[in-house]
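Down below is the structure, laid out as structure tokens.
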Amino acid sequence: MAKSKGVGQIVIECPNTIFHLYVSNQDEISKVDIFMRNIRHVNRIGINDIYNWCNRQKIAYKTSFHYRKESSVWRNMQSYINYSKQKLKYQVGFGTI
């Protein structure tokens, strides 16, 4: 089940993954605001944490891979493989677009 793009888009940039969160009402905006305030106080948050949070909160999202020019080709390939595995794992979740 996917939500249509509504009120706005919020972008969360991780090292090689960019999350585009789509919020369609004030309740979803509040959820994202609370989440963003909370992650500022966390030393490390994983991509899996963001996927899980979006799916639990039923926030629509899509992800994209970000190639990092300062990293080696080998490191970018490893990151892309990891990104692809995670995307497939969470694709069945509610939040995917």
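If you're wondering about the labels, chains in the structure tokens are A, B, ... by order shown, residues count from 1 in each chain, ligands from 1 in order shown.
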
*Write down as a PyMOL selection string the residues belonging to chain A that are assigned alpha helix (DSSP H) by DSSP computed on the backbone.*
chain A and resi 26-39+47-57+73-90

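Backbone DSSP over range 6-88 of chain A gives strand (DSSP E) for A:Gly8, A:Gln9, A:Ile10, A:Val11, A:Ile12, A:Glu13, A:Thr17, A:Ile18, A:Phe19, A:His20, A:Leu21, A:Tyr22, A:Val23, A:Ala60, A:Tyr61, A:Lys62, A:Thr63, A:Ser64, A:Phe65.
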
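Ranking A:Ser30, A:Asn55, A:Asn38, A:Ser79 by their shortest atom-to-atom distance to Tyr67 in chain A, with only C-alpha atoms included, puts A:Ser79 first.
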
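The residue set within 10 Å of Cys14 in chain A, counting only C-alpha atoms and dropping same-chain residues fewer than 3 places from it, reads Val11, Thr17, Ile18, Phe19, Ile45, Gly46, Ile47, Ile50, Phe65 and His66 of chain A.
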
Dump as a short mmCIF file (atom, residue, chain, number, x, y, z; two decimals), in the first residue's frame, selection limited to N, CA and C atoms:
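Dumped to again25.cif:
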data_model
loop_
_atom_site.label_atom_id
_atom_site.label_comp_id
_atom_site.auth_asym_id
_atom_site.auth_seq_id
_atom_site.Cartn_x
_atom_site.Cartn_y
_atom_site.Cartn_z
N VAL A 11 13.64 15.46 3.38
CA VAL A 11 14.78 14.68 2.94
C VAL A 11 15.71 14.41 4.11
N THR A 17 22.66 6.81 1.29
CA THR A 17 21.23 6.65 1.06
C THR A 17 20.52 7.95 1.38
N ILE A 18 19.63 8.34 0.50
CA ILE A 18 18.82 9.53 0.72
C ILE A 18 17.37 9.07 0.85
N PHE A 19 16.74 9.46 1.96
CA PHE A 19 15.34 9.14 2.20
C PHE A 19 14.50 10.36 1.85
N ILE A 45 22.69 6.53 14.19
CA ILE A 45 21.42 5.94 13.77
C ILE A 45 21.66 5.23 12.45
N GLY A 46 21.16 4.02 12.36
CA GLY A 46 21.37 3.24 11.15
C GLY A 46 20.24 3.42 10.15
N ILE A 47 20.54 3.06 8.92
CA ILE A 47 19.53 3.15 7.87
C ILE A 47 18.35 2.25 8.20
N ILE A 50 15.80 4.00 10.27
CA ILE A 50 14.94 4.93 9.53
C ILE A 50 13.87 4.17 8.76
N PHE A 65 20.06 6.06 -4.03
CA PHE A 65 21.46 5.86 -3.71
C PHE A 65 22.25 7.11 -4.08
N HIS A 66 23.18 7.48 -3.22
CA HIS A 66 24.03 8.64 -3.47
C HIS A 66 25.47 8.18 -3.64
#

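Candidate residues A:Lys31, A:Arg75, A:Arg44, A:Arg37 were compared for distance to Ile59 in chain A, and the nearest is A:Lys31, using only C-alpha atoms.
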
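Using only C-alpha atoms, the nearest neighbour of Lys58 in chain A within the list A:Pro15, A:Tyr22, A:Trp74, A:Leu88 is A:Tyr22.
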
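Restricting the calculation to only C-alpha atoms, the smallest distance between Asp49 in chain A and any of A:Gln9, A:Gln78, A:Gln86, A:Ser72 is found for A:Gln86.
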
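CA of Leu21 in chain A lies 11.6 Å from CA of Ser64 in chain A.
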